[in-house]
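In what follows, a single structure is set out as C-alpha cells and then discussed.
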Amino acid sequence: MGRNLSFPPSVKAGIPRLGDPPKGWERVTFGDVLRSVQREANLDNDTKYQLIVARRNRGGIAARECLAGREILTKTQFRVEAGDFLISKRQIVHGACGIVPPD
C-alpha cells in the first residue's frame, strides 16, 4: 500500500481502527476526561526559562534550551507543570503530545 503524499512521512493518515475495549472499559473522548488549562507566562527579560518541545510521533516532552526572557522570540509562552498532558496545537497532526515529566 502506498503512502498518502498529501501528508509528510510523520503523519499516519486515517482514522485509527480500534478493537473492542476490554470488558468493563468504556470508550470516551478527550473532552470527557481532560480539561484545557493555559497558564500564561509573563516573561521577565532577566529571568531564565526552561523551554520544552512536544516531540512528533507521540515521542513525549523533552527539554530544549534555557533562555532569558529577552532571548525568547515568541513572547506568548505558557507554564507547564509535571503531570500535565501537553498537546502541541501546531504539531498535533504529527502526534506531538506527551506528559510533562517532573524535571
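Here's how to read the names in the C-alpha cells: chain A, B, ... by the order shown, residue numbers from 1 in each chain, ligand numbers from 1 in the order shown.
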
Task: Residues flagged strand (DSSP E or B) by DSSP in chain A, as a PyMOL selection string - done: chain A and resi 39-41+48-54+61-68+77-79+85-87+97-99

Open item on the list: List the spatial neighbours of range 51-64 of chain A as a PyMOL selection string - criterion: any atom at most 7 Å away, only C-alpha atoms, same-chain residues fewer than 2 positions off excluded.
Closed with: chain A and resi 10+49+66+88+94-100

Open item on the list: Using only C-alpha atoms for the distances, tell me which of A:Lys89, A:Pro21, A:Gln50, A:Gly31 is nearest to Gly69 in chain A.
Closed with: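 Result for the nearest residue to Gly69 in chain A: A:Gln50.
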
TODO: For range 35-41 of chain A, list every protein, DNA or RNA residue within 10 Å, evaluated using only C-alpha atoms, and leave out those in the same chain fewer than 5 positions away; present the list as a PyMOL selection string.
DONE: chain A and resi 30+49+75-81+84-87

TODO: Give me, please, the distance in Å between CA of Asn42 in chain A and CA of Arg70 in chain A, quoted to one decimal.
DONE: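 Straight-line distance from CA of Asn42 in chain A to CA of Arg70 in chain A works out to 11.6 Å.
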
Quick one: pick out all helix (DSSP H, G or I) residues within chain A from a backbone DSSP run and write them as a PDB file with N, CA and C atoms, in the first residue's frame.
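The resulting part.pdb:
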```pdb
ATOM      1  N   PHE A  30     -11.497  12.820  24.519  1.00  0.00           N
ATOM      2  CA  PHE A  30     -10.604  13.633  25.357  1.00  0.00           C
ATOM      3  C   PHE A  30     -11.397  14.606  26.220  1.00  0.00           C
ATOM      4  N   GLY A  31     -12.390  15.253  25.621  1.00  0.00           N
ATOM      5  CA  GLY A  31     -13.169  16.254  26.329  1.00  0.00           C
ATOM      6  C   GLY A  31     -13.925  15.699  27.527  1.00  0.00           C
ATOM      7  N   ASP A  32     -14.157  14.396  27.549  1.00  0.00           N
ATOM      8  CA  ASP A  32     -14.851  13.773  28.676  1.00  0.00           C
ATOM      9  C   ASP A  32     -13.938  13.605  29.891  1.00  0.00           C
ATOM     10  N   VAL A  33     -12.627  13.559  29.681  1.00  0.00           N
ATOM     11  CA  VAL A  33     -11.708  13.251  30.787  1.00  0.00           C
ATOM     12  C   VAL A  33     -10.611  14.300  30.989  1.00  0.00           C
ATOM     13  N   GLY A  69      14.343  35.716  29.326  1.00  0.00           N
ATOM     14  CA  GLY A  69      13.135  36.220  28.691  1.00  0.00           C
ATOM     15  C   GLY A  69      13.420  37.065  27.463  1.00  0.00           C
ATOM     16  N   ARG A  70      14.472  37.888  27.506  1.00  0.00           N
ATOM     17  CA  ARG A  70      14.791  38.761  26.356  1.00  0.00           C
ATOM     18  C   ARG A  70      15.238  37.953  25.131  1.00  0.00           C
ATOM     19  N   GLU A  71      15.696  36.720  25.344  1.00  0.00           N
ATOM     20  CA  GLU A  71      16.187  35.883  24.240  1.00  0.00           C
ATOM     21  C   GLU A  71      15.079  35.053  23.583  1.00  0.00           C
ATOM     22  N   ILE A  92       0.165  18.731  16.357  1.00  0.00           N
ATOM     23  CA  ILE A  92      -0.613  17.564  16.759  1.00  0.00           C
ATOM     24  C   ILE A  92      -0.908  16.642  15.578  1.00  0.00           C
ATOM     25  N   VAL A  93      -0.984  17.176  14.369  1.00  0.00           N
ATOM     26  CA  VAL A  93      -1.197  16.318  13.205  1.00  0.00           C
ATOM     27  C   VAL A  93      -0.048  15.311  13.070  1.00  0.00           C
ATOM     28  N   HIS A  94       1.105  15.652  13.657  1.00  0.00           N
ATOM     29  CA  HIS A  94       2.263  14.754  13.650  1.00  0.00           C
ATOM     30  C   HIS A  94       2.352  13.932  14.933  1.00  0.00           C
TER      31      HIS A  94
END
```

Open item on the list: From the options A:Leu34, A:Leu67, A:Thr74, A:Val28, which residue's atoms come nearest to Asp46 in chain A, counting only C-alpha atoms?
Closed with: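 Closest to Asp46 in chain A of all the choices is A:Leu67.
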
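With CA of Ala82 in chain A on one side and CA of Pro101 in chain A on the other, the separation reads 5.2 Å.
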